[in-house]
$ cat entry10.json   # JSON, C-alpha atoms
[["chain", "number", "residue", "atom", "x", "y", "z"],
["A", 1, "MET", "CA", -155.50, 53.96, -49.77],
["A", 2, "THR", "CA", -151.91, 54.81, -50.53],
["A", 3, "GLY", "CA", -150.51, 53.88, -53.90],
["A", 4, "ASN", "CA", -151.61, 51.23, -56.38],
["A", 5, "THR", "CA", -150.00, 47.89, -55.58],
["A", 6, "ASN", "CA", -152.24, 45.67, -57.68],
["A", 7, "LYS", "CA", -151.01, 42.11, -58.03],
["A", 8, "PRO", "CA", -152.04, 40.78, -61.48],
["A", 9, "GLY", "CA", -154.84, 38.27, -61.32],
["A", 10, "ARG", "CA", -155.22, 38.31, -57.55],
["A", 11, "VAL", "CA", -158.70, 38.79, -56.10],
["A", 12, "SER", "CA", -159.02, 40.56, -52.77],
["A", 13, "VAL", "CA", -162.15, 39.34, -50.99],
["A", 14, "ILE", "CA", -163.54, 41.84, -48.45],
["A", 15, "MET", "CA", -165.62, 40.34, -45.62],
["A", 16, "PRO", "CA", -166.84, 42.71, -42.87],
["A", 17, "PHE", "CA", -168.54, 41.15, -39.87],
["A", 18, "LEU", "CA", -170.41, 42.15, -36.72],
["A", 19, "ASN", "CA", -171.29, 39.33, -34.32],
["A", 20, "PRO", "CA", -172.27, 36.66, -36.86],
["A", 21, "ARG", "CA", -172.84, 33.12, -35.69],
["A", 22, "GLU", "CA", -169.53, 31.28, -35.73],
["A", 23, "SER", "CA", -171.11, 28.68, -38.00],
["A", 24, "PHE", "CA", -172.15, 31.36, -40.52],
["A", 25, "LEU", "CA", -168.70, 32.96, -40.50],
["A", 26, "SER", "CA", -167.03, 29.56, -40.88],
["A", 27, "GLU", "CA", -169.25, 28.67, -43.85],
["A", 28, "ALA", "CA", -168.54, 32.00, -45.55],
["A", 29, "ILE", "CA", -164.78, 31.65, -45.09],
["A", 30, "GLU", "CA", -164.84, 28.04, -46.21],
["A", 31, "SER", "CA", -166.66, 28.99, -49.41],
["A", 32, "VAL", "CA", -163.71, 31.27, -50.24],
["A", 33, "ARG", "CA", -161.21, 28.55, -49.42],
["A", 34, "ARG", "CA", -163.02, 26.13, -51.73],
["A", 35, "GLN", "CA", -162.68, 28.38, -54.77],
["A", 36, "THR", "CA", -161.27, 26.63, -57.82],
["A", 37, "TYR", "CA", -159.48, 29.89, -58.61],
["A", 38, "ALA", "CA", -156.54, 29.87, -56.21],
["A", 39, "ASN", "CA", -155.12, 33.41, -56.51],
["A", 40, "TRP", "CA", -157.13, 35.13, -53.77],
["A", 41, "GLU", "CA", -156.66, 36.82, -50.42],
["A", 42, "LEU", "CA", -159.36, 37.28, -47.80],
["A", 43, "VAL", "CA", -159.59, 40.42, -45.66],
["A", 44, "LEU", "CA", -161.73, 39.97, -42.53],
["A", 45, "VAL", "CA", -162.87, 43.26, -40.99],
["A", 46, "ASP", "CA", -164.20, 43.15, -37.44],
["A", 47, "ASP", "CA", -166.75, 45.96, -37.02],
["A", 48, "GLY", "CA", -166.77, 45.85, -33.21],
["A", 49, "SER", "CA", -167.87, 42.26, -32.58],
["A", 50, "GLN", "CA", -167.95, 40.59, -29.18],
["A", 51, "PRO", "CA", -164.45, 39.49, -28.09],
["A", 52, "GLU", "CA", -165.07, 35.78, -28.63],
["A", 53, "ILE", "CA", -166.15, 36.36, -32.25],
["A", 54, "GLY", "CA", -163.17, 38.58, -32.95],
["A", 55, "GLN", "CA", -160.81, 36.05, -31.41],
["A", 56, "PHE", "CA", -162.38, 33.28, -33.48],
["A", 57, "ALA", "CA", -161.83, 35.25, -36.72],
["A", 58, "GLU", "CA", -158.33, 36.29, -35.71],
["A", 59, "SER", "CA", -157.36, 32.70, -34.99],
["A", 60, "ILE", "CA", -158.49, 31.68, -38.47],
["A", 61, "ALA", "CA", -156.36, 34.45, -39.98],
["A", 62, "GLU", "CA", -153.30, 33.49, -37.91],
["A", 63, "ALA", "CA", -153.53, 29.88, -39.08],
["A", 64, "SER", "CA", -153.87, 30.81, -42.77],
["A", 65, "LEU", "CA", -150.18, 31.51, -43.45],
["A", 66, "GLY", "CA", -150.90, 35.01, -44.74],
["A", 67, "ARG", "CA", -153.82, 34.27, -47.07],
["A", 68, "ILE", "CA", -156.35, 35.66, -44.61],
["A", 69, "VAL", "CA", -155.94, 39.03, -42.88],
["A", 70, "TYR", "CA", -157.80, 40.17, -39.75],
["A", 71, "LEU", "CA", -158.45, 43.91, -39.23],
["A", 72, "GLU", "CA", -160.41, 45.99, -36.73],
["A", 73, "HIS", "CA", -161.18, 49.68, -36.28],
["A", 74, "PRO", "CA", -159.22, 51.74, -33.73],
["A", 75, "ASP", "CA", -160.40, 50.99, -30.19],
["A", 76, "HIS", "CA", -162.44, 48.12, -31.62],
["A", 77, "ARG", "CA", -165.22, 50.54, -32.57],
["A", 78, "ASN", "CA", -168.38, 49.76, -34.51],
["A", 79, "LEU", "CA", -168.31, 52.15, -37.51],
["A", 80, "GLY", "CA", -170.68, 50.41, -39.92],
["A", 81, "ILE", "CA", -170.36, 48.31, -43.04],
["A", 82, "SER", "CA", -169.20, 51.14, -45.34],
["A", 83, "ALA", "CA", -166.30, 52.13, -43.10],
["A", 84, "SER", "CA", -165.47, 48.45, -42.64],
["A", 85, "ARG", "CA", -165.34, 47.76, -46.36],
["A", 86, "ASN", "CA", -163.16, 50.84, -46.81],
["A", 87, "LEU", "CA", -160.80, 49.55, -44.12],
["A", 88, "GLY", "CA", -160.65, 46.21, -45.90],
["A", 89, "LEU", "CA", -159.88, 47.96, -49.18],
["A", 90, "SER", "CA", -156.99, 49.80, -47.54],
["A", 91, "ALA", "CA", -155.30, 46.43, -47.00],
["A", 92, "ALA", "CA", -156.25, 44.86, -50.35],
["A", 93, "THR", "CA", -153.45, 44.03, -52.79],
["A", 94, "GLY", "CA", -155.30, 42.34, -55.65],
["A", 95, "GLU", "CA", -156.06, 43.55, -59.14],
["A", 96, "PHE", "CA", -159.71, 42.69, -58.51],
["A", 97, "VAL", "CA", -162.01, 43.07, -55.51],
["A", 98, "ALA", "CA", -164.99, 40.91, -54.58],
["A", 99, "PHE", "CA", -167.33, 41.12, -51.61],
["A", 100, "LEU", "CA", -168.80, 38.44, -49.39],
["A", 101, "ASP", "CA", -170.84, 39.04, -46.26],
["A", 102, "SER", "CA", -170.12, 36.90, -43.23],
["A", 103, "ASP", "CA", -173.41, 34.99, -43.43],
["A", 104, "ASP", "CA", -173.43, 34.29, -47.18],
["A", 105, "VAL", "CA", -171.64, 31.69, -49.31],
["A", 106, "TRP", "CA", -170.18, 31.43, -52.81],
["A", 107, "ASP", "CA", -170.31, 28.62, -55.32],
["A", 108, "ASP", "CA", -166.93, 26.92, -55.69],
["A", 109, "GLU", "CA", -166.43, 28.18, -59.28],
["A", 110, "GLN", "CA", -167.44, 31.80, -58.74],
["A", 111, "LEU", "CA", -164.04, 33.46, -58.97],
["A", 112, "GLU", "CA", -162.79, 31.19, -61.75],
["A", 113, "GLU", "CA", -165.81, 31.93, -63.93],
["A", 114, "GLN", "CA", -165.73, 35.65, -63.16],
["A", 115, "LEU", "CA", -162.03, 35.98, -63.99],
["A", 116, "GLN", "CA", -162.59, 34.14, -67.26],
["A", 117, "ILE", "CA", -165.30, 36.65, -68.25],
["A", 118, "LEU", "CA", -163.16, 39.62, -67.20],
["A", 119, "THR", "CA", -160.29, 38.25, -69.29],
["A", 120, "GLU", "CA", -162.56, 37.87, -72.32],
["A", 121, "HIS", "CA", -163.99, 41.39, -71.83],
["A", 122, "PRO", "CA", -161.07, 43.62, -70.79],
["A", 123, "ASP", "CA", -163.17, 46.81, -71.01],
["A", 124, "THR", "CA", -165.41, 45.56, -68.19],
["A", 125, "ILE", "CA", -164.92, 47.35, -64.88],
["A", 126, "MET", "CA", -167.73, 45.72, -62.90],
["A", 127, "LEU", "CA", -169.17, 42.24, -63.42],
["A", 128, "TYR", "CA", -172.16, 40.75, -61.69],
["A", 129, "GLY", "CA", -174.68, 37.95, -61.96],
["A", 130, "ASN", "CA", -177.64, 36.66, -60.00],
["A", 131, "THR", "CA", -177.95, 35.43, -56.43],
["A", 132, "VAL", "CA", -180.11, 32.88, -54.61],
["A", 133, "TYR", "CA", -182.07, 34.36, -51.73],
["A", 134, "TRP", "CA", -181.37, 31.49, -49.36],
["A", 135, "ARG", "CA", -184.12, 30.53, -46.96],
["A", 136, "SER", "CA", -183.56, 26.78, -46.89],
["A", 137, "TRP", "CA", -180.21, 26.98, -45.06],
["A", 138, "SER", "CA", -181.80, 25.90, -41.78],
["A", 139, "GLY", "CA", -183.82, 22.97, -43.09],
["A", 140, "GLY", "CA", -183.59, 19.86, -45.20],
["A", 141, "ALA", "CA", -184.27, 19.26, -48.86],
["A", 142, "GLU", "CA", -187.98, 19.81, -48.29],
["A", 143, "ALA", "CA", -187.31, 23.53, -47.67],
["A", 144, "THR", "CA", -185.61, 24.14, -51.02],
["A", 145, "GLY", "CA", -188.78, 25.54, -52.55],
["A", 146, "GLU", "CA", -188.52, 28.57, -50.29],
["A", 147, "ASP", "CA", -185.35, 29.76, -52.05],
["A", 148, "PHE", "CA", -185.83, 32.25, -54.86],
["A", 149, "GLN", "CA", -184.09, 34.55, -57.34],
["A", 150, "PHE", "CA", -185.15, 37.87, -58.80],
["A", 151, "GLY", "CA", -184.92, 38.41, -62.53],
["A", 152, "LEU", "CA", -182.10, 40.79, -63.39],
["A", 153, "GLY", "CA", -184.39, 42.80, -65.67],
["A", 154, "VAL", "CA", -181.90, 43.18, -68.52],
["A", 155, "ASP", "CA", -180.81, 41.16, -71.54],
["A", 156, "THR", "CA", -177.82, 38.97, -70.72],
["A", 157, "PRO", "CA", -174.99, 38.48, -71.28],
["A", 158, "CYS", "CA", -174.37, 42.11, -72.15],
["A", 159, "LEU", "CA", -171.82, 44.89, -71.65],
["A", 160, "PHE", "CA", -173.54, 48.13, -70.63],
["A", 161, "GLN", "CA", -171.92, 51.50, -71.11],
["A", 162, "ALA", "CA", -172.17, 54.09, -68.36],
["A", 163, "PRO", "CA", -174.61, 55.27, -67.17],
["A", 164, "ASP", "CA", -177.21, 53.15, -69.03],
["A", 165, "LEU", "CA", -177.50, 50.42, -66.41],
["A", 166, "LEU", "CA", -177.91, 52.92, -63.58],
["A", 167, "GLN", "CA", -180.69, 54.61, -65.52],
["A", 168, "SER", "CA", -182.44, 51.26, -66.01],
["A", 169, "MET", "CA", -182.29, 50.64, -62.27],
["A", 170, "LEU", "CA", -183.75, 54.06, -61.47],
["A", 171, "GLU", "CA", -186.56, 53.42, -63.96],
["A", 172, "GLY", "CA", -187.36, 50.08, -62.35],
["A", 173, "ARG", "CA", -186.39, 47.99, -65.36],
["A", 174, "ALA", "CA", -183.22, 46.47, -63.88],
["A", 175, "ILE", "CA", -182.63, 45.37, -60.31],
["A", 176, "SER", "CA", -179.56, 46.25, -58.30],
["A", 177, "PRO", "CA", -177.35, 43.20, -57.73],
["A", 178, "CYS", "CA", -176.37, 41.66, -54.40],
["A", 179, "MET", "CA", -172.84, 42.53, -53.34],
["A", 180, "THR", "CA", -172.23, 38.78, -53.11],
["A", 181, "SER", "CA", -172.21, 38.52, -56.92],
["A", 182, "ILE", "CA", -170.09, 41.62, -57.71],
["A", 183, "ILE", "CA", -166.44, 41.75, -58.73],
["A", 184, "VAL", "CA", -164.68, 44.97, -59.79],
["A", 185, "ARG", "CA", -161.26, 46.09, -60.92],
["A", 186, "ARG", "CA", -159.57, 47.62, -57.89],
["A", 187, "LYS", "CA", -158.47, 50.71, -59.79],
["A", 188, "VAL", "CA", -161.96, 52.22, -59.34],
["A", 189, "PHE", "CA", -161.24, 52.73, -55.65],
["A", 190, "PHE", "CA", -158.29, 54.95, -56.52],
["A", 191, "GLU", "CA", -160.64, 56.97, -58.75],
["A", 192, "GLY", "CA", -163.18, 57.89, -56.09],
["A", 193, "CYS", "CA", -165.47, 54.86, -55.86],
["A", 194, "MET", "CA", -165.13, 54.23, -52.14],
["A", 195, "PHE", "CA", -168.02, 53.42, -49.81],
["A", 196, "GLU", "CA", -169.73, 56.32, -48.03],
["A", 197, "ALA", "CA", -169.50, 56.34, -44.22],
["A", 198, "ALA", "CA", -172.77, 58.32, -44.12],
["A", 199, "PHE", "CA", -174.47, 55.05, -45.14],
["A", 200, "PRO", "CA", -173.34, 52.71, -42.33],
["A", 201, "LYS", "CA", -176.02, 50.04, -42.70],
["A", 202, "HIS", "CA", -178.70, 50.78, -45.33],
["A", 203, "TYR", "CA", -178.09, 51.56, -49.02],
["A", 204, "GLU", "CA", -174.31, 51.35, -48.64],
["A", 205, "ASP", "CA", -174.23, 48.85, -51.51],
["A", 206, "GLN", "CA", -176.48, 51.00, -53.71],
["A", 207, "VAL", "CA", -174.22, 54.02, -53.20],
["A", 208, "PHE", "CA", -171.13, 52.09, -54.28],
["A", 209, "ILE", "CA", -172.89, 50.45, -57.24],
["A", 210, "ALA", "CA", -174.23, 53.81, -58.42],
["A", 211, "LYS", "CA", -170.75, 55.37, -58.24],
["A", 212, "VAL", "CA", -169.35, 52.65, -60.49],
["A", 213, "LEU", "CA", -172.25, 52.41, -62.95],
["A", 214, "ALA", "CA", -172.39, 56.20, -63.39],
["A", 215, "ARG", "CA", -168.83, 56.20, -64.79],
["A", 216, "TYR", "CA", -167.77, 52.75, -65.97],
["A", 217, "PRO", "CA", -168.96, 49.90, -68.21],
["A", 218, "ALA", "CA", -170.44, 46.84, -66.51],
["A", 219, "TYR", "CA", -170.98, 43.30, -67.78],
["A", 220, "VAL", "CA", -174.06, 41.37, -66.62],
["A", 221, "VAL", "CA", -174.57, 37.63, -66.90],
["A", 222, "ASP", "CA", -177.57, 35.56, -65.84],
["A", 223, "ARG", "CA", -175.40, 33.17, -63.84],
["A", 224, "CYS", "CA", -176.15, 32.50, -60.19],
["A", 225, "TRP", "CA", -172.91, 32.27, -58.20],
["A", 226, "GLY", "CA", -173.85, 32.47, -54.53],
["A", 227, "LYS", "CA", -176.41, 32.35, -51.76],
["A", 228, "TYR", "CA", -177.66, 35.33, -49.78],
["A", 229, "ARG", "CA", -178.75, 33.97, -46.40],
["A", 230, "GLN", "CA", -182.17, 35.16, -45.22],
["A", 231, "HIS", "CA", -182.58, 35.38, -41.44],
["A", 232, "ALA", "CA", -184.00, 37.68, -38.79],
["A", 233, "ASN", "CA", -180.69, 39.42, -38.05],
["A", 234, "ALA", "CA", -179.86, 40.23, -41.68],
["A", 235, "THR", "CA", -179.37, 43.91, -42.53],
["A", 236, "THR", "CA", -182.32, 43.87, -44.94],
["A", 237, "ALA", "CA", -184.68, 42.00, -42.63],
["A", 238, "ASP", "CA", -186.83, 45.11, -42.09],
["A", 239, "GLY", "CA", -188.03, 44.97, -45.68],
["A", 240, "ASP", "CA", -188.46, 47.76, -48.23],
["A", 241, "ASP", "CA", -191.86, 49.17, -47.23],
["A", 242, "THR", "CA", -191.15, 50.49, -43.75],
["A", 243, "ALA", "CA", -190.87, 54.18, -42.92],
["A", 244, "ILE", "CA", -187.22, 53.64, -42.05],
["A", 245, "ALA", "CA", -186.52, 51.98, -45.39],
["A", 246, "ARG", "CA", -188.26, 54.80, -47.26],
["A", 247, "SER", "CA", -186.31, 57.45, -45.39],
["A", 248, "TRP", "CA", -183.04, 55.74, -46.25],
["A", 249, "ARG", "CA", -184.07, 55.45, -49.89],
["A", 250, "ILE", "CA", -184.84, 59.16, -50.05],
["A", 251, "LYS", "CA", -181.48, 59.88, -48.43],
["A", 252, "TYR", "CA", -179.78, 57.67, -51.04],
["A", 253, "LEU", "CA", -181.62, 59.30, -53.95],
["A", 254, "GLU", "CA", -180.79, 62.81, -52.71],
["A", 255, "TRP", "CA", -177.14, 61.78, -52.29],
["A", 256, "LEU", "CA", -177.19, 60.42, -55.86],
["A", 257, "SER", "CA", -178.61, 63.73, -57.09],
["A", 258, "GLY", "CA", -175.60, 65.52, -55.63],
["A", 259, "HIS", "CA", -173.19, 62.90, -56.96],
["A", 260, "LEU", "CA", -174.52, 63.06, -60.53],
["A", 261, "THR", "CA", -174.24, 66.83, -60.37],
["A", 262, "GLU", "CA", -170.65, 66.55, -59.14],
["A", 263, "ILE", "CA", -169.58, 64.27, -62.02],
["A", 264, "GLY", "CA", -171.30, 66.34, -64.70],
["A", 265, "LEU", "CA", -174.45, 64.28, -65.40],
["A", 266, "ARG", "CA", -177.03, 66.88, -64.33],
["A", 267, "GLY", "CA", -179.68, 67.33, -67.03],
["A", 268, "THR", "CA", -178.95, 64.00, -68.74],
["A", 269, "PRO", "CA", -181.44, 61.10, -69.15],
["A", 270, "VAL", "CA", -180.12, 59.36, -66.01],
["A", 271, "TRP", "CA", -180.57, 62.62, -64.08],
["A", 272, "ARG", "CA", -184.19, 62.93, -65.26],
["A", 273, "ALA", "CA", -184.84, 59.29, -64.32],
["A", 274, "LEU", "CA", -183.47, 60.04, -60.86],
["A", 275, "ARG", "CA", -185.67, 63.11, -60.37],
["A", 276, "ARG", "CA", -188.75, 61.08, -61.36],
["A", 277, "GLU", "CA", -187.78, 58.36, -58.87],
["A", 278, "ILE", "CA", -187.35, 60.92, -56.09],
["A", 279, "TRP", "CA", -190.86, 62.25, -56.77],
["A", 280, "LEU", "CA", -192.35, 58.73, -56.85],
["A", 281, "THR", "CA", -190.65, 57.80, -53.59],
["A", 282, "ARG", "CA", -191.79, 60.96, -51.80],
["A", 283, "HIS", "CA", -195.38, 60.55, -53.09],
["A", 284, "ARG", "CA", -196.00, 57.03, -51.86],
["A", 285, "VAL", "CA", -199.53, 56.36, -53.17],
["A", 286, "ALA", "CA", -198.90, 57.81, -56.63],
["A", 287, "GLY", "CA", -195.54, 56.06, -56.74],
["A", 288, "ARG", "CA", -197.11, 52.67, -56.09],
["A", 289, "ALA", "CA", -199.68, 53.25, -58.83],
["A", 290, "VAL", "CA", -197.05, 54.26, -61.38],
["A", 291, "ARG", "CA", -194.82, 51.30, -60.52],
["A", 292, "ARG", "CA", -197.72, 48.87, -60.86],
["A", 293, "PHE", "CA", -198.57, 50.36, -64.24],
["A", 294, "ARG", "CA", -194.94, 49.98, -65.32],
["A", 295, "GLY", "CA", -194.98, 46.34, -64.25],
["A", 296, "LEU", "CA", -198.21, 45.64, -66.13],
["A", 297, "TYR", "CA", -196.89, 47.41, -69.23],
["A", 298, "ARG", "CA", -193.68, 45.35, -69.22],
["A", 299, "PHE", "CA", -195.70, 42.15, -68.72],
["A", 300, "LEU", "CA", -197.95, 42.94, -71.68],
["A", 301, "VAL", "CA", -195.01, 43.87, -73.92],
["A", 302, "ASN", "CA", -193.28, 40.61, -73.06],
["A", 303, "ARG", "CA", -196.48, 38.61, -73.69],
["A", 304, "VAL", "CA", -197.05, 40.23, -77.10],
["A", 305, "GLY", "CA", -193.42, 39.65, -78.01],
["A", 306, "SER", "CA", -193.72, 35.95, -77.23],
["A", 307, "PHE", "CA", -196.50, 35.30, -79.78]]
$ encode --input "entry10.json" --output "structure tokens"
Amino acid sequence: MTGNTNKPGRVSVIMPFLNPRESFLSEAIESVRRQTYANWELVLVDDGSQPEIGQFAESIAEASLGRIVYLEHPDHRNLGISASRNLGLSAATGEFVAFLDSDDVWDDEQLEEQLQILTEHPDTIMLYGNTVYWRSWSGGAEATGEDFQFGLGVDTPCLFQAPDLLQSMLEGRAISPCMTSIIVRRKVFFEGCMFEAAFPKHYEDQVFIAKVLARYPAYVVDRCWGKYRQHANATTADGDDTAIARSWRIKYLEWLSGHLTEIGLRGTPVWRALRREIWLTRHRVAGRAVRRFRGLYRFLVNRVGSF
């Protein structure tokens, strides 16, 4: 990224894609076009898709009169979602940046409501809410019951100072948000919070979120703004309990250990929470037992507090 050319109030929406269904990509783009907040630009980043998909996206950009930009890597290579988001950021011009995957959709009021909150809380660097895990996309109204949301695990609405929210996530009290719900001030990318190419598919979102939460305040609201489509080809379809998923989590946690050291947080409470989480992840059986105990403890505390 060369120079800060932020345009006040504009939101740059970064959408990487790799061979999505045309219908999914169309729905995602249309959900940006329907936003009640009009000051946005959409950056489509082709991560090496089949020619017909790339041509489809490029034709949408060409017909948009400059509101939608189409980008691809040199030689049309597939470099992964982190490199693709970084490429999108290199072309972004907005004061704010939001992220939408090519198979997900936003509510029409997402950007308008987010910009209102950011205006009311100028110290906020990152804002996020909740997301619907969307299983009913392929069926009728009878399938709606399959959709679900996770609890955010923190009191809302609330402004959290760094690195408190990251510590809560490492301790299992707060969940990490979907990228679909996140909006950030673009200045963080000029201050080192880029995506890491070493995480091309798994934990790329966690790395970015950890970079921001380790250094900047974040505002959390219990407002659901979008839908995260669940299907067999989704990046997270393998689940969290596979050997591959565990290996990527350990890689992420070890990366975070180095990052916290680099920014001067070694020996702090968030550092100690991270070291505990690394131990629990490496020792699978003991880790499961401890996490179950934590869940039971939180349940009992909440029950007692409700009487």
$ closest_residue --input "entry10.json" --among "A:Thr124, A:Ser84, A:Ser23, A:Asn78" --to "Val43 (chain A)" --atoms "only C-alpha atoms"
A:Ser84
$ atom_distance --input "entry10.json" --atom1 "CA of Pro157 (chain A)" --atom2 "CA of Glu120 (chain A)"
12.5 Å
$ atom_distance --input "entry10.json" --atom1 "CA of Arg67 (chain A)" --atom2 "CA of Phe199 (chain A)"
29.4 Å
$ atom_distance --input "entry10.json" --atom1 "CA of Val221 (chain A)" --atom2 "CA of Leu44 (chain A)"
27.6 Å
$ residues_around --input "entry10.json" --residues "Tyr37 (chain A)" --least-positions-apart "2" --cutoff "9 Å" --atoms "only C-alpha atoms" --output "VMD selection string"
chain A and resid 34 to 35 39 to 40 108 to 113 115
$ closest_residue --input "entry10.json" --among "A:Ile250, A:Ala98, A:Gly172, A:Val13" --to "Ile68 (chain A)" --atoms "only C-alpha atoms"
A:Val13
